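See below for the structure under consideration.
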Amino acid sequence: MIKTIVNAWKVAEIRKKILFTAFIILVFRIGSVIPVPFLNIVDEISVGKGNTILTYLSLMTGSAFTYGTIFAMSITPYINSSIIMQLLAVAIPALERMQKEGEEGRKKIASITRFVTVALGLLQSLAYYFYLRANNYLMTDVNGAAFTGFDGVFQAVVIVLILTAGTAVIMWLGEQITISGIGNGISIILFAGIVSRFPTLIRQLFGYLQTGRFVYRILVPVVCVIFLFMIAYIVFMDNSERRLPITYAKRVVGRKQMGGQSTHMPIKVNMSGVLPVIFASSILSLPGTVQMFISSSKYEGTFWEKFFNAFQGDSWWYALMYFLLIIFFAYFYSTIQYNPIEMANNLRKNNGAIPGIRPGRPTSDYILRVLSRLTLIGALMLSVIALFPIVYSLICDMAIPPLEGASEDSGGMTISLGGTSLIIMCGVALETVRQLESQMMMRHYKGFLD
């Protein structure tokens with residue numbers, strides 16, 4: 001990877017693209033520290049304990065959400081919009097036809113996605129404003145009272161519009177990277193937001209060492225080594241694929257004989273990427289988010305207390321539900337993305353066949369069996385990465401007692417960088433390096449025109 005980046009830097013055109021991408025990332029990080037007007041945030045915005053929508057947004061925005069900056073919504077509205085459009089294209093025939101129209105159809109879908117992104121950004125900004133107002137994070141008058149009347153409406157409009165505009169600007173910045181920079185712009189911005197949390201993680205690990213406890217002097221280096229192994233594991237998972245052998249029948253076209261060659265159909269083991277993990281964590285964060293808006297005295301000692309506790313990130317029930325949901329969404333996503341019948345029909349139209357399998361229905365059934373097995377393997381591999389930080393923290397909480405005379409939270413060891421972040425980071429880095437390699441190959445290719 002380092003060699004690829006060094007070689008790419010030597011090519012003037014690619015170097016300009018790398019510098020342009022770095023400049024856009026710098027603009028994004030500057031916007032992530034500029035506060036929104038009319039906010040009174042002394043330290044950080046509380047996102048509650050455990051697993052909530054707010055902790056998920058804080059992770060995806062590189063902590064911009066917890067500081068109330070103009071890019072607090074980050075790229076999450078665009079990601080949600082893209083997922084919604086992807087699912088609707090399967091359910092709505094008009095969108096499916098638009099997808100098959102080629103470049104013009106993709107432009108129309110991209111335009112619709114932008115409008116949906118702004119709408120989702122507006123809704124998310126409104127919800128964020130109400131949360132800020134409910135928790136007294138807004139500026140007040142000289143008497144310490146909240147603004148009312150015209151002043152209150154003006155305050156709300158300014159905050160919501162700036163947050164929505166920040167969403168639109170980030171979307172535009174991402175598109176500029178895709179057009180004039182290196183890699184997928186949206187992924188690069190998401191990558192930059194996650195990487196910006198590294199100083200917090202390092203400070204957290206040093207905080208454990210500064211406690212002076214011998215157990216942390218062993219566990220902190222162990223955690224660092226495990227994360228390196230996890231990165232290697234993610235790279236292996238991302239590159240793993242099942243290659244179905246394909247043979248094409250010979251046919252005569254004019255005086256030429258076409259076909260008669262053997263190739264393969266590559267199917268990635270982790271065909272759904274990080275989406276099952278994102279879907280699962282989003283679903284499981286809903287109960288914790290509802291709990292934040294309910295007074296704890298209303299459900300203490302009732303069934304609802306046990307219910308909400310089961311959805312906290314430090315619960316074994318949460319880990320089990322997380323595992324099952326990852327497998328479910330992996331199958332769900334592979335079902336809507338891959339159509340074995342269509343794949344079998346395309347093979348037959350091109351005079352191709354899988355050796356030992358008859359064309360038509362037997363081929364589609366065989367492909368379906370292969371997809372089902374690969375989906376299960378990919379989901380299990382994803383689960384290992386997603387569940388490791390949770391299981392590790394649970395084991396440490398049971399094995400490491402709190403300090404004598406200190407609070408119960410002084411025991412255990414929590415890892416703030418989850419498996420989702422690692423999968424996104426590694427996936428974006430690998431895809432960007434592949435694009436660099438392909439661009440260098442295009443510029444060094446010597447064809448017949450030379």
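Each chain of the structure tokens is named A, B, ... in the order shown, its residues numbered from 1; ligands are numbered from 1 in display order.
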
Residues near Glu431 (chain A), cut-off 9 Å, only C-alpha atoms, skip fewer than 4 positions along chain, as a short mmCIF file (atom, residue, chain, number, x, y, z; two decimals) with all heavy atoms, in the first residue's frame:
```cif
data_model
loop_
_atom_site.label_atom_id
_atom_site.label_comp_id
_atom_site.auth_asym_id
_atom_site.auth_seq_id
_atom_site.Cartn_x
_atom_site.Cartn_y
_atom_site.Cartn_z
N GLY A 183 -10.67 8.22 -5.19
CA GLY A 183 -11.59 7.40 -4.41
C GLY A 183 -13.01 7.93 -4.44
O GLY A 183 -13.33 8.93 -5.08
N ASN A 184 -13.88 7.21 -3.72
CA ASN A 184 -15.28 7.62 -3.58
C ASN A 184 -15.37 8.72 -2.52
O ASN A 184 -14.96 8.52 -1.37
CB ASN A 184 -16.13 6.41 -3.18
CG ASN A 184 -17.60 6.75 -3.04
OD1 ASN A 184 -18.02 7.30 -2.04
ND2 ASN A 184 -18.37 6.41 -4.05
N CYS A 426 -10.82 0.11 6.81
CA CYS A 426 -10.06 -0.80 5.97
C CYS A 426 -10.65 -0.89 4.57
O CYS A 426 -9.92 -0.92 3.56
CB CYS A 426 -10.01 -2.19 6.61
SG CYS A 426 -9.11 -2.25 8.17
N GLY A 427 -11.98 -0.95 4.48
CA GLY A 427 -12.63 -1.03 3.18
C GLY A 427 -12.34 0.18 2.31
O GLY A 427 -12.03 0.05 1.11
N GLN A 435 -7.97 2.03 -6.67
CA GLN A 435 -8.17 3.08 -7.67
C GLN A 435 -6.85 3.71 -8.07
O GLN A 435 -6.63 4.04 -9.24
CB GLN A 435 -9.14 4.14 -7.13
CG GLN A 435 -10.58 3.68 -7.05
CD GLN A 435 -11.54 4.84 -7.04
OE1 GLN A 435 -11.21 5.95 -7.42
NE2 GLN A 435 -12.76 4.58 -6.58
N LEU A 436 -5.95 3.91 -7.09
CA LEU A 436 -4.63 4.44 -7.42
C LEU A 436 -3.89 3.50 -8.36
O LEU A 436 -3.26 3.93 -9.34
CB LEU A 436 -3.82 4.65 -6.14
CG LEU A 436 -4.17 5.86 -5.28
CD1 LEU A 436 -3.40 5.82 -3.97
CD2 LEU A 436 -3.89 7.16 -6.02
#
```

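Near Val11 (chain A), within a cut-off of 12 Å and counting only C-alpha atoms, sit the residues Thr4, Ile5, Val6, Asn7, Ala8, Ile14, Arg15, Lys16, Lys17, Ile18, Leu436, Glu437, Gln439, Met440, Met441, Met442, Arg443 and His444 of chain A, with same-chain residues fewer than 3 positions away left out.
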
Can you pull out the residues contacting region 59-74 of chain A? Cut-off 6 Å, using only C-alpha atoms, and skip same-chain residues under 2 positions away; I want them as an MDAnalysis selection string.
chainID A and resid 31:36 44:45 56:57 76 163 166:167 193:194 196:197

Those selected residues, please, written with N, CA and C atoms and delivered as an mmCIF file, in the first residue's frame.
```
data_model
loop_
_atom_site.group_PDB
_atom_site.id
_atom_site.type_symbol
_atom_site.label_atom_id
_atom_site.label_comp_id
_atom_site.auth_asym_id
_atom_site.auth_seq_id
_atom_site.Cartn_x
_atom_site.Cartn_y
_atom_site.Cartn_z
ATOM 1 N N GLY A 31 -14.677 22.600 9.064
ATOM 2 C CA GLY A 31 -16.111 22.777 9.305
ATOM 3 C C GLY A 31 -16.612 21.963 10.481
ATOM 4 N N SER A 32 -15.897 20.885 10.816
ATOM 5 C CA SER A 32 -16.316 20.022 11.922
ATOM 6 C C SER A 32 -15.978 20.609 13.289
ATOM 7 N N VAL A 33 -15.263 21.729 13.320
ATOM 8 C CA VAL A 33 -14.951 22.367 14.603
ATOM 9 C C VAL A 33 -15.528 23.779 14.708
ATOM 10 N N ILE A 34 -16.238 24.234 13.679
ATOM 11 C CA ILE A 34 -16.882 25.557 13.729
ATOM 12 C C ILE A 34 -18.261 25.401 14.361
ATOM 13 N N PRO A 35 -18.515 26.023 15.513
ATOM 14 C CA PRO A 35 -19.803 25.822 16.203
ATOM 15 C C PRO A 35 -20.961 26.524 15.507
ATOM 16 N N VAL A 36 -22.138 25.974 15.672
ATOM 17 C CA VAL A 36 -23.364 26.588 15.157
ATOM 18 C C VAL A 36 -23.735 27.764 16.062
ATOM 19 N N GLU A 44 -18.978 18.956 26.001
ATOM 20 C CA GLU A 44 -19.537 18.127 24.947
ATOM 21 C C GLU A 44 -21.018 17.921 25.206
ATOM 22 N N ILE A 45 -21.748 17.636 24.132
ATOM 23 C CA ILE A 45 -23.158 17.309 24.261
ATOM 24 C C ILE A 45 -23.277 15.873 24.749
ATOM 25 N N TYR A 56 -24.170 6.555 17.909
ATOM 26 C CA TYR A 56 -23.886 6.126 16.533
ATOM 27 C C TYR A 56 -23.552 7.336 15.653
ATOM 28 N N LEU A 57 -24.332 8.426 15.794
ATOM 29 C CA LEU A 57 -24.069 9.638 15.016
ATOM 30 C C LEU A 57 -22.741 10.266 15.416
ATOM 31 N N THR A 76 -24.159 11.217 7.187
ATOM 32 C CA THR A 76 -25.156 10.188 7.477
ATOM 33 C C THR A 76 -26.472 10.370 6.709
ATOM 34 N N LEU A 163 -27.472 23.669 9.986
ATOM 35 C CA LEU A 163 -27.186 22.228 10.032
ATOM 36 C C LEU A 163 -27.560 21.549 8.711
ATOM 37 N N GLY A 166 -25.074 22.500 6.143
ATOM 38 C CA GLY A 166 -23.848 21.730 6.359
ATOM 39 C C GLY A 166 -23.929 20.356 5.719
ATOM 40 N N THR A 167 -25.112 19.732 5.805
ATOM 41 C CA THR A 167 -25.307 18.430 5.151
ATOM 42 C C THR A 167 -25.138 18.543 3.645
ATOM 43 N N GLY A 193 -13.757 11.226 9.097
ATOM 44 C CA GLY A 193 -14.449 11.432 10.366
ATOM 45 C C GLY A 193 -14.103 10.375 11.396
ATOM 46 N N ILE A 194 -13.985 9.129 10.951
ATOM 47 C CA ILE A 194 -13.665 8.033 11.888
ATOM 48 C C ILE A 194 -12.215 8.129 12.347
ATOM 49 N N SER A 196 -10.472 10.724 12.684
ATOM 50 C CA SER A 196 -10.297 11.855 13.601
ATOM 51 C C SER A 196 -10.540 11.461 15.057
ATOM 52 N N ARG A 197 -11.139 10.295 15.293
ATOM 53 C CA ARG A 197 -11.359 9.827 16.660
ATOM 54 C C ARG A 197 -10.145 9.092 17.228
#
```

Please give the complete set of residues from region 215-377 of chain A that DSSP, run on the backbone, assigns to alpha helix (DSSP H), formatted as a PyMOL selection string.
chain A and resi 215-239+275-292+303-310+316-337+340-349+361-377

Å distance separating CA of Met343 (chain A) from CA of Gln99 (chain A), one decimal place:
17.0 Å

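Atom pair CA of Ala110 (chain A) / CA of Glu13 (chain A) has a distance of 27.2 Å (rounded to one decimal).
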
All residues 7 Å or closer to region 273-279 of chain A, only C-alpha atoms, same chain fewer than 6 positions away omitted, as a PyMOL selection string:
chain A and resi 326+329-330+420+423-424

Using only C-alpha atoms, determine which residues lie at most 12 Å from Asn239 (chain A), disregarding the query and same-chain residues fewer than 2 positions distant; provide the list as a list in words.
Ala232, Tyr233, Ile234, Val235, Phe236, Met237, Glu241, Arg242, Pro266, Ile267, Lys268, Val269, Asn270, Met271, Gly273, Gly378, Cys426, Gly427, Leu430, Glu431 and Arg434 of chain A

Of the residues A:Ile377, A:Ala127, A:Ile367, A:Ala22, which is the one nearest to Ile182 (chain A), using only C-alpha atoms?
A:Ala22

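Distances here use only C-alpha atoms; by that measure, the residue among A:Arg243, A:Gly207, A:Asn346, A:Ile390 closest to Trp317 (chain A) is A:Ile390.
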
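The interatomic distance for the pair CA of Leu190 (chain A) and CA of Met425 (chain A) works out to 8.5 Å.
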
Which residue, A:Val160, A:Lys100, A:Ser421, A:Ala94, has the smallest gap to Ser58 (chain A) when you use only C-alpha atoms?
A:Ser421

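With only C-alpha atoms as the atoms that count, the minimum distance from Ala146 (chain A) to the choices A:Ser187, A:Thr263, A:Ser180, A:Asn40 is reached by A:Asn40.
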